[in-house]
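The structure file protein.cif is reproduced below (mmCIF, N, CA and C atoms).
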data_protein
#
loop_
_atom_site.label_atom_id
_atom_site.label_comp_id
_atom_site.auth_asym_id
_atom_site.auth_seq_id
_atom_site.Cartn_x
_atom_site.Cartn_y
_atom_site.Cartn_z
N MET X 276 -7.22 1.11 -14.99
CA MET X 276 -8.03 0.19 -15.74
C MET X 276 -7.45 -1.22 -15.72
N LEU X 277 -6.12 -1.28 -15.87
CA LEU X 277 -5.46 -2.58 -15.85
C LEU X 277 -5.63 -3.27 -14.50
N LEU X 278 -5.53 -2.50 -13.43
CA LEU X 278 -5.71 -3.09 -12.08
C LEU X 278 -7.12 -3.59 -11.88
N ALA X 279 -8.10 -2.86 -12.39
CA ALA X 279 -9.50 -3.30 -12.28
C ALA X 279 -9.72 -4.58 -13.08
N MET X 280 -9.11 -4.69 -14.24
CA MET X 280 -9.24 -5.91 -15.04
C MET X 280 -8.56 -7.09 -14.35
N LEU X 281 -7.41 -6.83 -13.75
CA LEU X 281 -6.72 -7.89 -13.02
C LEU X 281 -7.53 -8.33 -11.80
N ALA X 282 -8.13 -7.38 -11.10
CA ALA X 282 -8.97 -7.72 -9.96
C ALA X 282 -10.18 -8.54 -10.41
N ALA X 283 -10.79 -8.17 -11.52
CA ALA X 283 -11.93 -8.93 -12.05
C ALA X 283 -11.51 -10.34 -12.45
N ALA X 284 -10.35 -10.48 -13.05
CA ALA X 284 -9.86 -11.80 -13.44
C ALA X 284 -9.61 -12.67 -12.21
N LEU X 285 -9.01 -12.09 -11.18
CA LEU X 285 -8.79 -12.85 -9.94
C LEU X 285 -10.11 -13.25 -9.30
N TRP X 286 -11.09 -12.38 -9.36
CA TRP X 286 -12.39 -12.71 -8.79
C TRP X 286 -13.06 -13.84 -9.56
N MET X 287 -12.90 -13.83 -10.88
CA MET X 287 -13.51 -14.90 -11.69
C MET X 287 -12.77 -16.23 -11.50
N LEU X 288 -11.45 -16.18 -11.33
CA LEU X 288 -10.68 -17.41 -11.16
C LEU X 288 -10.81 -17.99 -9.75
N MET X 289 -10.79 -17.12 -8.75
CA MET X 289 -10.85 -17.55 -7.34
C MET X 289 -11.83 -16.65 -6.59
N PRO X 290 -13.13 -16.86 -6.79
CA PRO X 290 -14.11 -15.89 -6.26
C PRO X 290 -14.18 -15.81 -4.74
N TYR X 291 -13.83 -16.84 -4.03
CA TYR X 291 -14.00 -16.82 -2.58
C TYR X 291 -12.69 -16.70 -1.82
N GLN X 292 -11.62 -16.40 -2.49
CA GLN X 292 -10.31 -16.29 -1.85
C GLN X 292 -10.02 -14.91 -1.29
N GLY X 293 -10.64 -13.87 -1.81
CA GLY X 293 -10.38 -12.52 -1.35
C GLY X 293 -9.17 -11.88 -1.99
N LEU X 294 -8.63 -12.50 -3.02
CA LEU X 294 -7.45 -11.98 -3.68
C LEU X 294 -7.75 -10.86 -4.68
N GLN X 295 -9.02 -10.68 -5.03
CA GLN X 295 -9.36 -9.68 -6.02
C GLN X 295 -9.05 -8.27 -5.54
N TRP X 296 -8.92 -8.08 -4.25
CA TRP X 296 -8.62 -6.74 -3.71
C TRP X 296 -7.13 -6.43 -3.73
N LEU X 297 -6.30 -7.42 -3.91
CA LEU X 297 -4.85 -7.23 -3.85
C LEU X 297 -4.32 -6.26 -4.91
N PRO X 298 -4.68 -6.39 -6.20
CA PRO X 298 -4.17 -5.41 -7.17
C PRO X 298 -4.64 -3.99 -6.89
N LEU X 299 -5.87 -3.85 -6.42
CA LEU X 299 -6.38 -2.52 -6.11
C LEU X 299 -5.67 -1.92 -4.90
N TYR X 300 -5.38 -2.74 -3.92
CA TYR X 300 -4.65 -2.27 -2.74
C TYR X 300 -3.23 -1.84 -3.11
N LEU X 301 -2.56 -2.67 -3.88
CA LEU X 301 -1.19 -2.33 -4.29
C LEU X 301 -1.17 -1.08 -5.16
N GLY X 302 -2.12 -0.98 -6.07
CA GLY X 302 -2.19 0.19 -6.94
C GLY X 302 -2.46 1.47 -6.17
N SER X 303 -3.37 1.40 -5.20
CA SER X 303 -3.67 2.60 -4.42
C SER X 303 -2.50 2.99 -3.52
N THR X 304 -1.80 2.01 -2.97
CA THR X 304 -0.62 2.31 -2.15
C THR X 304 0.49 2.93 -3.00
N PHE X 305 0.72 2.37 -4.18
CA PHE X 305 1.71 2.94 -5.08
C PHE X 305 1.34 4.38 -5.44
N PHE X 306 0.07 4.61 -5.73
CA PHE X 306 -0.39 5.96 -6.09
C PHE X 306 -0.16 6.93 -4.93
N LEU X 307 -0.49 6.51 -3.70
CA LEU X 307 -0.28 7.38 -2.54
C LEU X 307 1.20 7.67 -2.31
N PHE X 308 2.03 6.64 -2.38
CA PHE X 308 3.46 6.82 -2.12
C PHE X 308 4.15 7.66 -3.19
N CYS X 309 3.83 7.43 -4.45
CA CYS X 309 4.58 8.05 -5.54
C CYS X 309 3.98 9.34 -6.07
N ASN X 310 2.67 9.48 -6.04
CA ASN X 310 2.03 10.62 -6.69
C ASN X 310 1.39 11.61 -5.73
N VAL X 311 0.85 11.14 -4.64
CA VAL X 311 0.13 12.04 -3.74
C VAL X 311 1.07 12.58 -2.66
N PHE X 312 1.68 11.69 -1.89
CA PHE X 312 2.51 12.13 -0.77
C PHE X 312 4.00 12.13 -1.09
N ARG X 313 4.40 11.45 -2.14
CA ARG X 313 5.78 11.44 -2.63
C ARG X 313 6.79 11.18 -1.51
N ILE X 314 6.68 9.99 -0.90
CA ILE X 314 7.52 9.71 0.27
C ILE X 314 8.97 9.40 -0.09
N GLY X 315 9.26 9.04 -1.30
CA GLY X 315 10.64 8.82 -1.71
C GLY X 315 11.06 7.36 -1.64
N ASN X 316 12.14 7.07 -2.34
CA ASN X 316 12.63 5.69 -2.45
C ASN X 316 13.24 5.15 -1.16
N ARG X 317 13.71 6.00 -0.28
CA ARG X 317 14.35 5.51 0.95
C ARG X 317 13.33 4.93 1.93
N LEU X 318 12.12 5.48 1.95
CA LEU X 318 11.12 5.01 2.90
C LEU X 318 10.26 3.87 2.36
N GLU X 319 10.17 3.73 1.06
CA GLU X 319 9.31 2.70 0.48
C GLU X 319 9.67 1.28 0.92
N PRO X 320 10.97 0.91 0.99
CA PRO X 320 11.28 -0.46 1.42
C PRO X 320 10.79 -0.79 2.83
N LEU X 321 10.65 0.20 3.68
CA LEU X 321 10.14 -0.06 5.03
C LEU X 321 8.70 -0.56 4.99
N TRP X 322 7.99 -0.31 3.89
CA TRP X 322 6.64 -0.84 3.74
C TRP X 322 6.63 -2.07 2.84
N TYR X 323 7.31 -2.02 1.69
CA TYR X 323 7.14 -3.13 0.75
C TYR X 323 7.89 -4.40 1.13
N VAL X 324 8.94 -4.31 1.92
CA VAL X 324 9.61 -5.55 2.35
C VAL X 324 8.70 -6.35 3.30
N PRO X 325 8.14 -5.72 4.37
CA PRO X 325 7.20 -6.50 5.20
C PRO X 325 5.98 -6.97 4.41
N PHE X 326 5.48 -6.14 3.49
CA PHE X 326 4.33 -6.55 2.67
C PHE X 326 4.66 -7.78 1.85
N THR X 327 5.83 -7.80 1.25
CA THR X 327 6.23 -8.95 0.43
C THR X 327 6.39 -10.20 1.28
N LEU X 328 7.02 -10.06 2.44
CA LEU X 328 7.20 -11.23 3.33
C LEU X 328 5.86 -11.78 3.80
N VAL X 329 4.96 -10.90 4.20
CA VAL X 329 3.64 -11.34 4.65
C VAL X 329 2.87 -11.97 3.49
N SER X 330 2.96 -11.38 2.32
CA SER X 330 2.25 -11.91 1.15
C SER X 330 2.74 -13.31 0.79
N VAL X 331 4.04 -13.47 0.74
CA VAL X 331 4.60 -14.78 0.38
C VAL X 331 4.20 -15.83 1.40
N TYR X 332 4.33 -15.49 2.68
CA TYR X 332 3.97 -16.46 3.71
C TYR X 332 2.49 -16.84 3.65
N CYS X 333 1.63 -15.85 3.60
CA CYS X 333 0.20 -16.12 3.65
C CYS X 333 -0.30 -16.79 2.37
N LEU X 334 0.24 -16.43 1.22
CA LEU X 334 -0.18 -17.10 -0.01
C LEU X 334 0.37 -18.52 -0.08
N TYR X 335 1.57 -18.73 0.46
CA TYR X 335 2.14 -20.07 0.47
C TYR X 335 1.36 -21.00 1.39
N THR X 336 0.92 -20.48 2.53
CA THR X 336 0.16 -21.30 3.48
C THR X 336 -1.34 -21.21 3.27
N LEU X 337 -1.76 -20.45 2.26
CA LEU X 337 -3.18 -20.27 1.91
C LEU X 337 -3.99 -19.69 3.07
N GLN X 338 -3.41 -18.77 3.79
CA GLN X 338 -4.09 -18.09 4.89
C GLN X 338 -4.43 -16.66 4.47
N ILE X 339 -5.39 -16.54 3.57
CA ILE X 339 -5.73 -15.24 3.00
C ILE X 339 -6.38 -14.33 4.05
N SER X 340 -7.19 -14.90 4.94
CA SER X 340 -7.81 -14.06 5.98
C SER X 340 -6.74 -13.51 6.93
N LEU X 341 -5.73 -14.30 7.24
CA LEU X 341 -4.62 -13.80 8.06
C LEU X 341 -3.88 -12.69 7.33
N PHE X 342 -3.72 -12.82 6.02
CA PHE X 342 -3.06 -11.79 5.23
C PHE X 342 -3.78 -10.46 5.37
N TRP X 343 -5.10 -10.45 5.19
CA TRP X 343 -5.84 -9.19 5.26
C TRP X 343 -5.86 -8.63 6.68
N GLN X 344 -5.84 -9.49 7.69
CA GLN X 344 -5.76 -9.00 9.07
C GLN X 344 -4.43 -8.31 9.32
N ILE X 345 -3.34 -8.88 8.83
CA ILE X 345 -2.03 -8.26 8.99
C ILE X 345 -1.96 -6.95 8.22
N VAL X 346 -2.55 -6.93 7.04
CA VAL X 346 -2.58 -5.70 6.25
C VAL X 346 -3.29 -4.60 7.01
N VAL X 347 -4.46 -4.90 7.55
CA VAL X 347 -5.26 -3.88 8.24
C VAL X 347 -4.62 -3.45 9.54
N TRP X 348 -4.12 -4.39 10.33
CA TRP X 348 -3.65 -4.05 11.66
C TRP X 348 -2.18 -3.68 11.75
N PHE X 349 -1.37 -4.04 10.74
CA PHE X 349 0.05 -3.73 10.81
C PHE X 349 0.53 -2.87 9.63
N LEU X 350 0.23 -3.30 8.41
CA LEU X 350 0.78 -2.62 7.25
C LEU X 350 0.12 -1.28 6.95
N GLU X 351 -1.18 -1.16 7.19
CA GLU X 351 -1.83 0.14 6.99
C GLU X 351 -1.32 1.19 7.98
N PRO X 352 -1.26 0.90 9.28
CA PRO X 352 -0.65 1.88 10.18
C PRO X 352 0.80 2.20 9.83
N LEU X 353 1.54 1.21 9.39
CA LEU X 353 2.92 1.45 8.97
C LEU X 353 2.96 2.39 7.76
N LYS X 354 2.07 2.17 6.81
CA LYS X 354 2.03 3.02 5.62
C LYS X 354 1.75 4.47 6.00
N TRP X 355 0.76 4.69 6.85
CA TRP X 355 0.40 6.05 7.22
C TRP X 355 1.44 6.67 8.15
N ALA X 356 2.12 5.87 8.94
CA ALA X 356 3.22 6.39 9.76
C ALA X 356 4.36 6.87 8.88
N LEU X 357 4.66 6.14 7.81
CA LEU X 357 5.70 6.57 6.88
C LEU X 357 5.32 7.88 6.18
N ILE X 358 4.05 8.01 5.83
CA ILE X 358 3.59 9.24 5.19
C ILE X 358 3.70 10.41 6.15
N VAL X 359 3.27 10.22 7.38
CA VAL X 359 3.36 11.30 8.38
C VAL X 359 4.81 11.65 8.64
N TYR X 360 5.66 10.64 8.76
CA TYR X 360 7.09 10.89 8.98
C TYR X 360 7.67 11.72 7.84
N ARG X 361 7.31 11.38 6.62
CA ARG X 361 7.83 12.11 5.46
C ARG X 361 7.36 13.56 5.46
N ILE X 362 6.13 13.79 5.84
CA ILE X 362 5.60 15.16 5.89
C ILE X 362 6.31 15.97 6.97
N ILE X 363 6.52 15.38 8.13
CA ILE X 363 7.14 16.08 9.26
C ILE X 363 8.63 16.30 9.01
N ARG X 364 9.30 15.31 8.47
CA ARG X 364 10.75 15.38 8.29
C ARG X 364 11.16 16.46 7.31
N GLY X 365 10.41 16.64 6.22
CA GLY X 365 10.72 17.65 5.23
C GLY X 365 11.98 17.36 4.45
N PRO X 366 12.28 17.99 3.39
CA PRO X 366 11.35 18.87 2.68
C PRO X 366 10.25 18.04 2.02
N TYR X 367 9.05 18.46 2.24
CA TYR X 367 7.88 17.74 1.75
C TYR X 367 7.42 18.37 0.45
N LEU X 368 7.20 17.54 -0.57
CA LEU X 368 6.80 18.03 -1.88
C LEU X 368 5.47 17.46 -2.36
N GLY X 369 4.76 16.77 -1.50
CA GLY X 369 3.52 16.11 -1.89
C GLY X 369 2.32 17.03 -1.84
N VAL X 370 1.15 16.42 -1.70
CA VAL X 370 -0.11 17.14 -1.71
C VAL X 370 -0.13 18.19 -0.58
N PHE X 371 -0.66 19.34 -0.86
CA PHE X 371 -0.77 20.47 0.06
C PHE X 371 0.58 21.06 0.47
N SER X 372 1.64 20.75 -0.22
CA SER X 372 2.94 21.27 0.18
C SER X 372 3.09 22.76 -0.13
N ARG X 373 2.31 23.28 -1.00
CA ARG X 373 2.43 24.68 -1.38
C ARG X 373 1.51 25.59 -0.59
N LEU X 374 0.69 25.06 0.27
CA LEU X 374 -0.23 25.91 1.05
C LEU X 374 0.50 26.90 1.92
N GLY X 375 1.57 26.47 2.56
CA GLY X 375 2.33 27.35 3.43
C GLY X 375 3.29 28.26 2.68
N ASN X 376 3.48 28.02 1.39
CA ASN X 376 4.44 28.79 0.59
C ASN X 376 3.77 29.68 -0.45
N ALA X 377 2.52 30.04 -0.24
CA ALA X 377 1.80 30.83 -1.23
C ALA X 377 2.34 32.26 -1.27
N ASP X 378 2.62 32.74 -2.47
CA ASP X 378 3.10 34.10 -2.66
C ASP X 378 1.90 35.05 -2.76
N PRO X 379 2.02 36.25 -2.17
CA PRO X 379 0.90 37.21 -2.23
C PRO X 379 0.72 37.78 -3.60
#
What would you get if you wrote out this structure as structure tokens?
Amino acid sequence: MLLAMLAAALWMLMPYQGLQWLPLYLGSTFFLFCNVFRIGNRLEPLWYVPFTLVSVYCLYTLQISLFWQIVVWFLEPLKWALIVYRIIRGPYLGVFSRLGNADP
């Protein structure tokens, strides 16, 4: 709810900047990393450090369209690669982790 209110406030303050999606994107990424796939604290910096650097650069230079292009073409594949790596590397404790361990 808080993220939706923050997104609405950003949309009202800067309607044509495209920043209203930022809180929702960050919230959904946090939810995927921490609650759904549980990738762990060691892998999270591999995503949030590039995200922070790209965010600071693009917001400082006011290149919001470049920001979303980098997010879609670089940071999203990186995010899903980290999730796949965590699932393959094991021990995996996230969503569907108990399917293979079902007791009769």
Worksheet item: If you count only N, CA and C atoms, which residues fall within 6 Å of segment 277-282 of chain X, apart from same-chain ones fewer than 4 positions away, as number ranges by chain?
Response: X: 286-287, 295-296, 298-299
Item to complete: Between X:Trp355, X:Met276, X:Ile363, X:Gly293, single out the one closest to Phe342 of chain X, counting only C-alpha atoms.
Response: X:Gly293
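Take the candidates X:Ile339, X:Val347, X:Leu368, X:Leu357 and check each one against Trp322 of chain X using only N, CA and C atoms; the shortest distance goes to X:Leu357.
Picture a line from atom N of Leu350 of chain X to atom C of Phe326 of chain X; it runs 9.1 Å.
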Item to complete: Please indicate the distance in Å from atom C of Thr327 of chain X to atom C of Val370 of chain X, rounded to one decimal place.
Response: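 Computing it gives 29.2 Å between the two atoms.
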